[in-house]
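Structure file final34.cif (mmCIF, C-alpha atoms) follows.
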```cif
data_final
#
loop_
_atom_site.label_atom_id
_atom_site.label_comp_id
_atom_site.auth_asym_id
_atom_site.auth_seq_id
_atom_site.Cartn_x
_atom_site.Cartn_y
_atom_site.Cartn_z
CA MET A 1 -24.98 -13.50 14.01
CA ASP A 2 -26.77 -10.15 13.69
CA PHE A 3 -24.76 -6.96 13.31
CA LYS A 4 -25.09 -5.82 16.93
CA GLU A 5 -23.82 -9.16 18.21
CA LEU A 6 -20.98 -9.04 15.69
CA LEU A 7 -20.05 -5.48 16.70
CA MET A 8 -20.08 -6.27 20.41
CA SER A 9 -18.15 -9.55 20.14
CA ARG A 10 -15.45 -8.13 17.85
CA TYR A 11 -12.34 -7.02 19.71
CA ALA A 12 -8.79 -5.99 18.90
CA THR A 13 -7.07 -9.37 19.20
CA LYS A 14 -3.61 -8.88 20.70
CA LYS A 15 -2.22 -12.35 19.96
CA PHE A 16 -3.26 -15.17 17.63
CA ASP A 17 -2.74 -18.92 18.14
CA GLY A 18 -1.09 -19.45 14.75
CA THR A 19 -3.83 -21.69 13.27
CA LYS A 20 -4.08 -21.25 9.50
CA ILE A 21 -7.41 -19.97 8.19
CA ASP A 22 -9.06 -22.21 5.64
CA ASP A 23 -8.61 -21.01 2.00
CA GLY A 24 -12.37 -21.11 1.36
CA LYS A 25 -13.03 -18.71 4.24
CA ILE A 26 -10.31 -16.38 2.97
CA GLU A 27 -11.95 -16.36 -0.46
CA ASP A 28 -15.34 -15.53 1.12
CA LEU A 29 -13.70 -12.75 3.10
CA PHE A 30 -11.95 -11.23 0.06
CA GLU A 31 -15.23 -11.26 -1.84
CA MET A 32 -16.91 -9.27 0.97
CA ILE A 33 -14.03 -6.78 1.17
CA ARG A 34 -14.42 -6.20 -2.57
CA PHE A 35 -17.95 -4.94 -1.94
CA ALA A 36 -17.02 -2.31 0.65
CA PRO A 37 -18.45 1.10 -0.24
CA SER A 38 -16.22 4.05 -1.15
CA ALA A 39 -16.56 7.70 -2.10
CA LEU A 40 -17.89 7.83 -5.67
CA ASN A 41 -17.16 4.09 -5.83
CA LEU A 42 -13.51 4.89 -6.57
CA GLN A 43 -12.30 1.93 -4.44
CA PRO A 44 -8.92 3.62 -3.90
CA TRP A 45 -7.29 0.63 -2.26
CA LYS A 46 -5.03 -2.35 -2.80
CA VAL A 47 -4.52 -5.13 -0.27
CA LYS A 48 -1.21 -6.95 0.08
CA VAL A 49 -1.72 -10.44 1.53
CA VAL A 50 1.14 -11.84 3.62
CA THR A 51 1.24 -15.45 4.84
CA ASP A 52 4.93 -16.26 4.62
CA GLN A 53 6.50 -16.52 8.09
CA ASP A 54 9.90 -15.08 7.14
CA THR A 55 8.24 -12.01 5.64
CA LYS A 56 6.07 -11.63 8.74
CA LYS A 57 9.22 -11.69 10.90
CA LYS A 58 10.71 -8.83 8.88
CA LEU A 59 7.44 -6.89 9.08
CA SER A 60 7.22 -7.48 12.83
CA THR A 61 10.45 -5.50 13.28
CA ALA A 62 8.84 -2.66 11.29
CA SER A 63 5.70 -2.83 13.50
CA MET A 64 7.14 -2.23 16.96
CA GLU A 65 7.23 -6.04 17.41
CA GLN A 66 3.48 -6.11 18.03
CA ALA A 67 2.61 -9.79 18.66
CA GLN A 68 -0.17 -9.98 16.07
CA ILE A 69 2.18 -9.79 13.07
CA LYS A 70 4.08 -13.02 13.67
CA SER A 71 1.20 -14.95 15.26
CA CYS A 72 -1.56 -14.25 12.72
CA SER A 73 -2.59 -16.58 9.92
CA HIS A 74 -2.92 -13.91 7.21
CA LEU A 75 -1.72 -10.32 7.41
CA LEU A 76 -3.68 -7.93 5.21
CA VAL A 77 -1.81 -4.72 4.47
CA PHE A 78 -4.46 -2.23 3.37
CA CYS A 79 -2.87 0.34 1.07
CA ALA A 80 -4.18 3.60 -0.35
CA ASP A 81 -4.17 3.77 -4.13
CA THR A 82 -3.41 7.47 -4.51
CA ASP A 83 -4.23 7.57 -8.24
CA LEU A 84 -7.78 8.83 -7.70
CA SER A 85 -8.25 9.98 -11.30
CA GLY A 86 -6.92 6.68 -12.63
CA ASN A 87 -9.53 4.90 -10.53
CA ALA A 88 -12.20 7.33 -11.76
CA ASP A 89 -11.32 6.32 -15.35
CA LYS A 90 -11.42 2.62 -14.40
CA ILE A 91 -14.87 2.85 -12.83
CA THR A 92 -16.15 4.92 -15.77
CA ASN A 93 -14.97 2.21 -18.16
CA LEU A 94 -16.69 -0.43 -16.03
CA MET A 95 -19.92 1.60 -16.18
CA LYS A 96 -19.66 1.80 -19.98
CA LYS A 97 -19.17 -1.99 -20.19
CA VAL A 98 -22.43 -2.67 -18.32
CA ASP A 99 -24.32 -0.18 -20.48
CA VAL A 100 -25.07 2.49 -17.89
CA PRO A 101 -27.20 5.06 -19.80
CA ASP A 102 -25.21 7.97 -21.33
CA GLU A 103 -27.08 10.59 -19.29
CA LYS A 104 -26.29 8.85 -16.00
CA LEU A 105 -22.67 8.38 -17.07
CA LYS A 106 -22.27 12.08 -17.90
CA GLN A 107 -23.78 13.02 -14.53
CA VAL A 108 -21.35 10.73 -12.66
CA GLN A 109 -18.40 12.08 -14.65
CA GLU A 110 -19.41 15.65 -13.82
CA VAL A 111 -19.59 14.86 -10.08
CA MET A 112 -16.25 13.04 -10.27
CA LYS A 113 -14.66 16.06 -11.93
CA ILE A 114 -15.85 18.37 -9.13
CA PHE A 115 -14.79 15.82 -6.48
CA LEU A 116 -11.31 15.29 -7.93
CA SER A 117 -10.74 19.04 -8.26
CA ASN A 118 -10.78 19.19 -4.44
CA TYR A 119 -7.60 17.16 -4.21
CA ASP A 120 -3.99 17.64 -5.26
CA SER A 121 -1.20 15.08 -4.96
CA GLU A 122 -0.75 16.01 -1.28
CA THR A 123 -4.37 15.94 -0.12
CA GLY A 124 -5.52 13.13 -2.45
CA ILE A 125 -3.62 10.64 -0.35
CA TYR A 126 -5.65 11.54 2.77
CA GLU A 127 -8.93 11.04 0.94
CA ALA A 128 -7.70 7.67 -0.35
CA GLN A 129 -6.52 6.70 3.14
CA CYS A 130 -9.86 7.54 4.77
CA ASN A 131 -11.53 5.27 2.22
CA VAL A 132 -9.00 2.55 3.02
CA PHE A 133 -10.26 2.68 6.60
CA ILE A 134 -13.73 1.80 5.22
CA ALA A 135 -12.35 -1.29 3.45
CA ALA A 136 -10.33 -2.33 6.52
CA ILE A 137 -13.24 -1.99 8.92
CA THR A 138 -15.47 -3.86 6.49
CA ALA A 139 -12.85 -6.62 6.50
CA ILE A 140 -12.95 -6.73 10.30
CA TYR A 141 -16.74 -7.08 10.44
CA ALA A 142 -16.75 -9.55 7.54
CA ALA A 143 -14.03 -11.64 9.22
CA LYS A 144 -16.00 -11.77 12.48
CA SER A 145 -19.08 -12.91 10.55
CA LEU A 146 -16.96 -15.87 9.34
CA GLY A 147 -15.69 -16.66 12.86
CA ILE A 148 -12.28 -15.06 12.25
CA ASP A 149 -10.75 -12.60 14.71
CA SER A 150 -8.66 -9.59 13.76
CA CYS A 151 -7.16 -6.32 14.90
CA PRO A 152 -7.01 -2.97 13.08
CA MET A 153 -3.42 -1.79 13.50
CA GLN A 154 -1.35 1.29 12.87
CA GLY A 155 2.00 1.66 14.65
CA PHE A 156 4.15 0.45 11.75
CA SER A 157 6.58 2.05 9.35
CA ALA A 158 4.85 2.49 5.98
CA GLU A 159 8.26 3.10 4.37
CA ALA A 160 9.72 -0.15 5.75
CA TYR A 161 6.59 -2.09 4.71
CA SER A 162 6.86 -0.70 1.17
CA GLU A 163 10.47 -1.75 0.98
CA ILE A 164 10.03 -5.25 2.46
CA LEU A 165 6.94 -6.00 0.38
CA GLU A 166 8.22 -4.21 -2.75
CA ILE A 167 5.08 -2.12 -2.94
CA PRO A 168 5.20 0.34 -5.88
CA SER A 169 5.15 4.09 -5.21
CA GLY A 170 1.67 5.59 -5.26
CA ILE A 171 0.42 2.57 -3.25
CA VAL A 172 0.73 3.58 0.41
CA PRO A 173 0.49 1.08 3.31
CA THR A 174 -2.15 2.64 5.59
CA ILE A 175 -3.66 0.17 8.04
CA LEU A 176 -2.97 -3.47 8.91
CA VAL A 177 -5.54 -6.18 9.54
CA PRO A 178 -3.96 -9.37 10.88
CA LEU A 179 -6.41 -12.30 10.85
CA GLY A 180 -6.56 -15.52 12.80
CA TYR A 181 -7.87 -17.31 15.85
CA PRO A 182 -7.20 -15.70 19.22
CA ALA A 183 -4.72 -16.69 21.91
CA ASP A 184 -6.02 -13.95 24.22
CA LYS A 185 -9.32 -12.89 25.75
CA PRO A 186 -11.28 -9.70 25.04
CA MET A 187 -11.11 -6.86 27.58
CA PRO A 188 -14.36 -5.09 28.56
CA LYS A 189 -15.26 -2.42 25.99
CA LEU A 190 -14.77 1.16 27.19
CA ARG A 191 -16.58 3.91 25.32
CA PHE A 192 -17.44 7.56 25.90
CA PRO A 193 -21.05 8.12 27.00
CA LYS A 194 -23.70 8.94 24.41
CA GLU A 195 -23.95 12.58 25.53
CA ASP A 196 -20.24 13.08 24.75
CA ILE A 197 -20.75 12.01 21.14
CA PHE A 198 -24.16 13.07 19.87
CA PHE A 199 -25.12 16.73 19.94
CA MET B 200 -29.59 -10.72 8.37
CA ASP B 201 -26.00 -11.97 8.22
CA PHE B 202 -23.19 -9.58 7.38
CA LYS B 203 -22.79 -10.64 3.76
CA GLU B 204 -26.49 -10.11 3.09
CA LEU B 205 -26.33 -6.75 4.86
CA LEU B 206 -23.27 -5.69 2.84
CA MET B 207 -24.80 -6.71 -0.48
CA SER B 208 -28.22 -5.16 0.19
CA ARG B 209 -26.84 -1.84 1.44
CA TYR B 210 -26.67 0.84 -1.23
CA ALA B 211 -26.12 4.57 -1.44
CA THR B 212 -29.72 5.77 -1.28
CA LYS B 213 -30.14 8.80 -3.52
CA LYS B 214 -33.57 9.92 -2.28
CA PHE B 215 -35.62 9.15 0.82
CA ASP B 216 -39.42 9.08 1.13
CA GLY B 217 -39.51 11.45 4.12
CA THR B 218 -40.90 8.90 6.63
CA LYS B 219 -39.65 9.62 10.15
CA ILE B 220 -37.57 6.88 11.78
CA ASP B 221 -38.92 5.64 15.08
CA ASP B 222 -37.10 7.09 18.14
CA GLY B 223 -36.43 3.61 19.56
CA LYS B 224 -34.60 2.57 16.39
CA ILE B 225 -32.54 5.76 16.45
CA GLU B 226 -31.52 5.00 20.05
CA ASP B 227 -30.49 1.46 19.05
CA LEU B 228 -28.49 2.88 16.17
CA PHE B 229 -26.69 5.46 18.32
CA GLU B 230 -25.77 2.75 20.81
CA MET B 231 -24.17 0.71 18.03
CA ILE B 232 -22.29 3.71 16.63
CA ARG B 233 -20.89 4.30 20.11
CA PHE B 234 -19.20 0.89 19.96
CA ALA B 235 -17.38 1.48 16.66
CA PRO B 236 -13.67 0.71 16.99
CA SER B 237 -11.01 3.42 16.69
CA ALA B 238 -7.24 3.75 16.78
CA LEU B 239 -6.15 3.34 20.41
CA ASN B 240 -9.84 3.64 21.30
CA LEU B 241 -9.53 7.44 21.05
CA GLN B 242 -13.02 7.74 19.50
CA PRO B 243 -12.08 11.06 17.87
CA TRP B 244 -15.56 11.89 16.70
CA LYS B 245 -18.71 13.87 17.45
CA VAL B 246 -21.99 13.43 15.63
CA LYS B 247 -24.38 16.31 15.03
CA VAL B 248 -27.95 15.07 14.61
CA VAL B 249 -30.23 17.16 12.37
CA THR B 250 -33.97 16.52 12.06
CA ASP B 251 -35.34 20.07 11.70
CA GLN B 252 -36.57 20.69 8.14
CA ASP B 253 -35.57 24.37 8.01
CA THR B 254 -32.01 23.49 9.02
CA LYS B 255 -31.93 20.70 6.44
CA LYS B 256 -32.97 23.21 3.76
CA LYS B 257 -30.05 25.46 4.67
CA LEU B 258 -27.66 22.47 4.70
CA SER B 259 -28.98 21.29 1.32
CA THR B 260 -27.71 24.53 -0.24
CA ALA B 261 -24.30 23.79 1.29
CA SER B 262 -24.38 20.21 -0.09
CA MET B 263 -24.77 20.83 -3.84
CA GLU B 264 -28.56 20.37 -3.36
CA GLN B 265 -28.12 16.59 -3.15
CA ALA B 266 -31.64 15.19 -2.67
CA GLN B 267 -30.81 13.09 0.41
CA ILE B 268 -30.41 16.11 2.70
CA LYS B 269 -33.95 17.43 2.54
CA SER B 270 -35.67 14.05 2.08
CA CYS B 271 -34.00 12.08 4.89
CA SER B 272 -35.47 11.49 8.33
CA HIS B 273 -32.27 12.13 10.31
CA LEU B 274 -29.08 13.66 9.00
CA LEU B 275 -25.98 12.57 10.92
CA VAL B 276 -23.04 14.93 10.47
CA PHE B 277 -19.97 12.92 11.45
CA CYS B 278 -17.29 15.31 12.68
CA ALA B 279 -13.64 14.77 13.52
CA ASP B 280 -12.68 15.71 17.06
CA THR B 281 -9.18 16.97 16.37
CA ASP B 282 -8.17 17.10 20.05
CA LEU B 283 -6.47 13.69 19.98
CA SER B 284 -4.52 14.26 23.19
CA GLY B 285 -7.66 15.47 24.98
CA ASN B 286 -9.36 12.23 23.97
CA ALA B 287 -6.31 10.25 25.10
CA ASP B 288 -6.70 11.84 28.56
CA LYS B 289 -10.43 11.09 28.57
CA ILE B 290 -9.95 7.41 27.75
CA THR B 291 -7.14 7.13 30.30
CA ASN B 292 -9.45 8.53 32.98
CA LEU B 293 -12.15 6.06 31.94
CA MET B 294 -9.62 3.21 32.28
CA LYS B 295 -8.69 4.40 35.78
CA LYS B 296 -12.37 4.47 36.77
CA VAL B 297 -12.86 0.81 35.86
CA ASP B 298 -9.69 -0.18 37.71
CA VAL B 299 -7.55 -1.23 34.76
CA PRO B 300 -4.30 -2.54 36.38
CA ASP B 301 -1.51 0.08 36.71
CA GLU B 302 0.89 -1.90 34.54
CA LYS B 303 -1.61 -2.14 31.66
CA LEU B 304 -2.44 1.57 32.05
CA LYS B 305 1.22 2.57 31.86
CA GLN B 306 1.68 0.42 28.75
CA VAL B 307 -1.32 2.05 27.02
CA GLN B 308 -0.11 5.54 27.98
CA GLU B 309 3.32 4.78 26.54
CA VAL B 310 1.82 3.60 23.23
CA MET B 311 -0.46 6.66 23.15
CA LYS B 312 2.53 8.94 23.66
CA ILE B 313 4.36 7.39 20.70
CA PHE B 314 1.20 7.47 18.58
CA LEU B 315 0.39 11.10 19.37
CA SER B 316 3.98 12.18 18.65
CA ASN B 317 3.33 11.22 15.00
CA TYR B 318 0.79 14.00 14.60
CA ASP B 319 0.87 17.77 14.73
CA SER B 320 -2.13 20.10 14.48
CA GLU B 321 -2.08 19.74 10.68
CA THR B 322 -1.78 15.96 10.36
CA GLY B 323 -3.79 15.10 13.48
CA ILE B 324 -6.96 16.14 11.70
CA TYR B 325 -6.40 13.53 8.96
CA GLU B 326 -5.93 10.75 11.50
CA ALA B 327 -9.11 11.86 13.27
CA GLN B 328 -10.99 12.03 9.96
CA CYS B 329 -9.95 8.51 8.91
CA ASN B 330 -11.31 7.27 12.23
CA VAL B 331 -14.53 9.19 11.60
CA PHE B 332 -14.94 7.11 8.42
CA ILE B 333 -14.92 4.01 10.67
CA ALA B 334 -17.76 5.41 12.80
CA ALA B 335 -19.73 6.49 9.72
CA ILE B 336 -19.42 3.15 7.97
CA THR B 337 -20.34 1.36 11.19
CA ALA B 338 -23.45 3.59 11.29
CA ILE B 339 -24.33 2.54 7.74
CA TYR B 340 -24.06 -1.17 8.48
CA ALA B 341 -25.83 -0.77 11.83
CA ALA B 342 -28.65 1.21 10.17
CA LYS B 343 -29.13 -1.49 7.52
CA SER B 344 -29.31 -4.12 10.28
CA LEU B 345 -32.25 -2.13 11.69
CA GLY B 346 -33.96 -1.85 8.28
CA ILE B 347 -32.87 1.77 7.76
CA ASP B 348 -31.27 2.93 4.50
CA SER B 349 -28.54 5.52 4.26
CA CYS B 350 -25.87 7.09 2.08
CA PRO B 351 -22.29 8.03 2.96
CA MET B 352 -21.84 11.54 1.54
CA GLN B 353 -19.10 14.05 0.97
CA GLY B 354 -19.67 16.90 -1.50
CA PHE B 355 -20.60 19.50 1.08
CA SER B 356 -18.96 22.62 2.47
CA ALA B 357 -17.55 21.83 5.92
CA GLU B 358 -17.20 25.57 6.59
CA ALA B 359 -20.86 26.27 5.76
CA TYR B 360 -21.98 23.28 7.85
CA SER B 361 -19.95 24.54 10.82
CA GLU B 362 -21.54 27.97 10.50
CA ILE B 363 -25.14 26.78 10.03
CA LEU B 364 -24.91 24.20 12.83
CA GLU B 365 -22.75 26.40 15.10
CA ILE B 366 -20.16 23.67 15.43
CA PRO B 367 -17.21 24.76 17.58
CA SER B 368 -13.73 25.01 16.07
CA GLY B 369 -11.69 21.82 16.49
CA ILE B 370 -14.78 19.79 15.57
CA VAL B 371 -14.64 19.33 11.78
CA PRO B 372 -17.60 18.08 9.69
CA THR B 373 -16.13 15.19 7.69
CA ILE B 374 -18.77 12.85 6.29
CA LEU B 375 -22.57 12.88 6.20
CA VAL B 376 -24.88 9.94 6.79
CA PRO B 377 -28.50 10.77 5.96
CA LEU B 378 -30.90 8.09 7.20
CA GLY B 379 -34.40 7.09 6.17
CA TYR B 380 -36.54 4.89 3.99
CA PRO B 381 -35.79 4.91 0.26
CA ALA B 382 -37.72 6.54 -2.57
CA ASP B 383 -35.36 5.04 -5.15
CA LYS B 384 -34.09 1.61 -6.19
CA PRO B 385 -30.54 0.25 -5.86
CA MET B 386 -28.38 0.13 -9.00
CA PRO B 387 -26.32 -3.04 -9.67
CA LYS B 388 -23.06 -2.98 -7.68
CA LEU B 389 -19.95 -2.37 -9.79
CA ARG B 390 -16.62 -3.35 -8.31
CA PHE B 391 -13.07 -3.89 -9.56
CA PRO B 392 -12.17 -7.57 -9.99
CA LYS B 393 -10.40 -9.41 -7.18
CA GLU B 394 -7.07 -9.51 -9.05
CA ASP B 395 -7.05 -5.69 -9.21
CA ILE B 396 -7.23 -5.43 -5.41
CA PHE B 397 -5.38 -8.28 -3.75
CA PHE B 398 -1.71 -8.79 -4.52
#
```
Kindly return the structure encoded in the file as C-alpha cells.
Amino acid sequence: MDFKELLMSRYATKKFDGTKIDDGKIEDLFEMIRFAPSALNLQPWKVKVVTDQDTKKKLSTASMEQAQIKSCSHLLVFCADTDLSGNADKITNLMKKVDVPDEKLKQVQEVMKIFLSNYDSETGIYEAQCNVFIAAITAIYAAKSLGIDSCPMQGFSAEAYSEILEIPSGIVPTILVPLGYPADKPMPKLRFPKEDIFF
Amino acid sequence: MDFKELLMSRYATKKFDGTKIDDGKIEDLFEMIRFAPSALNLQPWKVKVVTDQDTKKKLSTASMEQAQIKSCSHLLVFCADTDLSGNADKITNLMKKVDVPDEKLKQVQEVMKIFLSNYDSETGIYEAQCNVFIAAITAIYAAKSLGIDSCPMQGFSAEAYSEILEIPSGIVPTILVPLGYPADKPMPKLRFPKEDIFF
C-alpha cells in the first residue's frame, strides 16, 4: 500500500471487534515506532502497552468510557519523557559507542545545549509532548501498513492513567493509540479546503 | 514503497541541492497534508509556503543559518492556528453542509465543548502545536513517498518568522519542513533499544 492509500484508508476507529493482534505483527509495529523521528533525536517518549482486560476496564472509566479502550486488542499509552537533558545524555552516549567523529559530536552537543536552554521544567513537557504526537502518528501509519486499525485519542485523565498503570512521575501519559480490527465503518473524511490551509 | 521502507529511508536532510520541485508533485503533497488527522478533526494549522530566495535568505538569519533554509526548493512553515473554538465552528459547519445526522452532530458538539473547556488561551496553543507536529510529520512521510527529501526543523525564531512573513497574530510558526533533493548523505539511524521505550 503506498502512503497516499494508507493515509486515505486510515480512520479513527470508534469500536474494535476484540480480535487479538498477532504477536509478530506487534513486534513489527514496535520496531517501526522505534524509528520515528524526533527533535534532535531525543526520542522523549515511553509507551505503556496494555492488553489485560481488567486494566482496560479501569482505564475505560478514566477515558470517558470511550468504546475503543475495552474493545481494542492492545492499548498503547504514549507518554512524554520530560527528562529532555537525560535523553540528550543517552543519545550522546549512543553516538560515542558507534564512533561518531569527535567534531560531529561536539557540534551536536552544542546544538543540544542551545535547544535545551529554551526549556524549563514547565515548558519542557510541551516540547516532549509534541514529539510524542510524532511517535503516536507514526504508530498509526505503521499499524495501517500492517493491516491494523487504530484511533489517536485524548479525552482521558492523565492523572488516573498514571495511578492505574503505576507510571513514574516525569513520564506523562499524553495520547492513546488503541489497536485492533474494526467493528465499525469509516465516515467520509471532512477537511478544510486547500486555500484555508496554505498561504 | 511500503511504509517501513519509507520510514527507514527518510532522514533529516542537512543540505539540499537547490533543484526546484515540480509543481504537480507539490500539489500532490499539499493534498496529502490536508488529510492529516487531528484531535477532533480541528485541523488547527496553517502552512506558509516560501519559495522566494530573498525571503529564504532573511529567514535563514532567523534560523541559526541552518543550511536547509537557503538550499531547499520549498520551505513549509507549519503554524499553529490557536483559534481552536473558531476551528470547531468551521468543522461543525462543514458537517452540516454534508448532512451529518443531527444526533451525530450534537454528540460531536458535546465532545468538542468538553475538549475545548480543557484549554485557555495559554494552554490552547500547546494543544494546537502538538497537532501541528502531526501535520508536519505527515508532510515528511508524504514527501518521501513522492521521492522528495525533507527535514523537520525547530531552532528558529518564531517572532522573526512572523515579522518577515507577515503572519497574523494567533497563527504561530511552530515547525519548519524544508523540501528538496539532497546534497548530503544519510547518517546511520541511532535509536534507543526497544526495552527503553515499551514497558
Checklist entry - Could you pull the residues within 10 Å of range 130-133 of chain A, counting all atoms listed in the file, minus those fewer than 2 positions along the same chain, as a PyMOL selection string? => result (chain A and resi 36-39+41-47+78-81+125-128+135-139+152+173-176) or (chain B and resi 325-333+336)
Next on the checklist: Quick check, in Å to one decimal: how far apart do CA of Lys214 in chain B and CA of Pro392 in chain B lie?
Outcome noted: 28.7 Å
Checklist entry - Which neighbours of range 380-386 of chain B fall inside 8 Å, counting only C-alpha atoms, when residues of the same chain fewer than 2 positions from it are skipped, and could you give them as a list in words? => result Tyr210, Ala211, Thr212, Lys213, Lys214, Phe215, Asp216, Gly217, Thr218, Cys271, Ser272, Ile347, Asp348, Leu378 and Lys388 of chain B
Item to check | Long-range neighbours of Phe156 in chain A as a PyMOL selection string, 8 Å cut-off, only C-alpha atoms, 5 positions minimum in chain | outcome: chain A and resi 62-64+161
Item to check | CA of Val297 in chain B to CA of Arg191 in chain A, distance in Å rounded to a single decimal | outcome: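 These atoms are spaced 11.6 Å apart.
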Checklist entry - Written as a ChimeraX atom specification, what is the full residue list that the PyMOL selection byres ((chain A and resi 26-30) around 12) yields on the file shown? => result /A:20-25,31-36,46-49,51,73-76,135-136,138-149,179-180 /B:202-203,206,392-398
For range 266-281 of chain B, which lacks atoms in the input, supply N, CA and C atoms and format the output as a compact mmCIF listing (two decimals), in the coordinates of the input.
```txt
# COMPACT_ATOMS: atom_id res chain seq x y z
N ALA B 266 -30.25 15.41 -3.11
CA ALA B 266 -31.64 15.19 -2.67
C ALA B 266 -31.78 14.50 -1.31
N GLN B 267 -30.72 13.83 -0.86
CA GLN B 267 -30.81 13.09 0.41
C GLN B 267 -31.01 14.04 1.60
N ILE B 268 -30.44 15.23 1.52
CA ILE B 268 -30.41 16.11 2.70
C ILE B 268 -31.81 16.54 3.14
N LYS B 269 -32.61 16.98 2.18
CA LYS B 269 -33.95 17.43 2.54
C LYS B 269 -34.93 16.28 2.71
N SER B 270 -34.68 15.14 2.06
CA SER B 270 -35.67 14.05 2.08
C SER B 270 -35.43 13.02 3.20
N CYS B 271 -34.28 13.10 3.86
CA CYS B 271 -34.00 12.08 4.89
C CYS B 271 -34.80 12.35 6.16
N SER B 272 -34.83 11.34 7.01
CA SER B 272 -35.47 11.49 8.33
C SER B 272 -34.50 12.17 9.30
N HIS B 273 -33.32 11.60 9.42
CA HIS B 273 -32.27 12.13 10.31
C HIS B 273 -31.00 12.32 9.48
N LEU B 274 -30.38 13.45 9.63
CA LEU B 274 -29.08 13.66 9.00
C LEU B 274 -28.01 13.61 10.09
N LEU B 275 -27.09 12.65 9.96
CA LEU B 275 -25.98 12.57 10.92
C LEU B 275 -24.74 13.23 10.29
N VAL B 276 -24.24 14.26 10.95
CA VAL B 276 -23.04 14.93 10.47
C VAL B 276 -21.88 14.42 11.31
N PHE B 277 -21.11 13.50 10.73
CA PHE B 277 -19.97 12.92 11.45
C PHE B 277 -18.81 13.89 11.40
N CYS B 278 -18.36 14.31 12.59
CA CYS B 278 -17.29 15.31 12.68
C CYS B 278 -16.05 14.69 13.32
N ALA B 279 -14.89 15.18 12.88
CA ALA B 279 -13.64 14.77 13.52
C ALA B 279 -13.42 15.63 14.75
N ASP B 280 -13.08 14.99 15.85
CA ASP B 280 -12.68 15.71 17.06
C ASP B 280 -11.15 15.74 17.03
N THR B 281 -10.62 16.90 16.66
CA THR B 281 -9.18 16.97 16.37
C THR B 281 -8.31 17.01 17.63
```
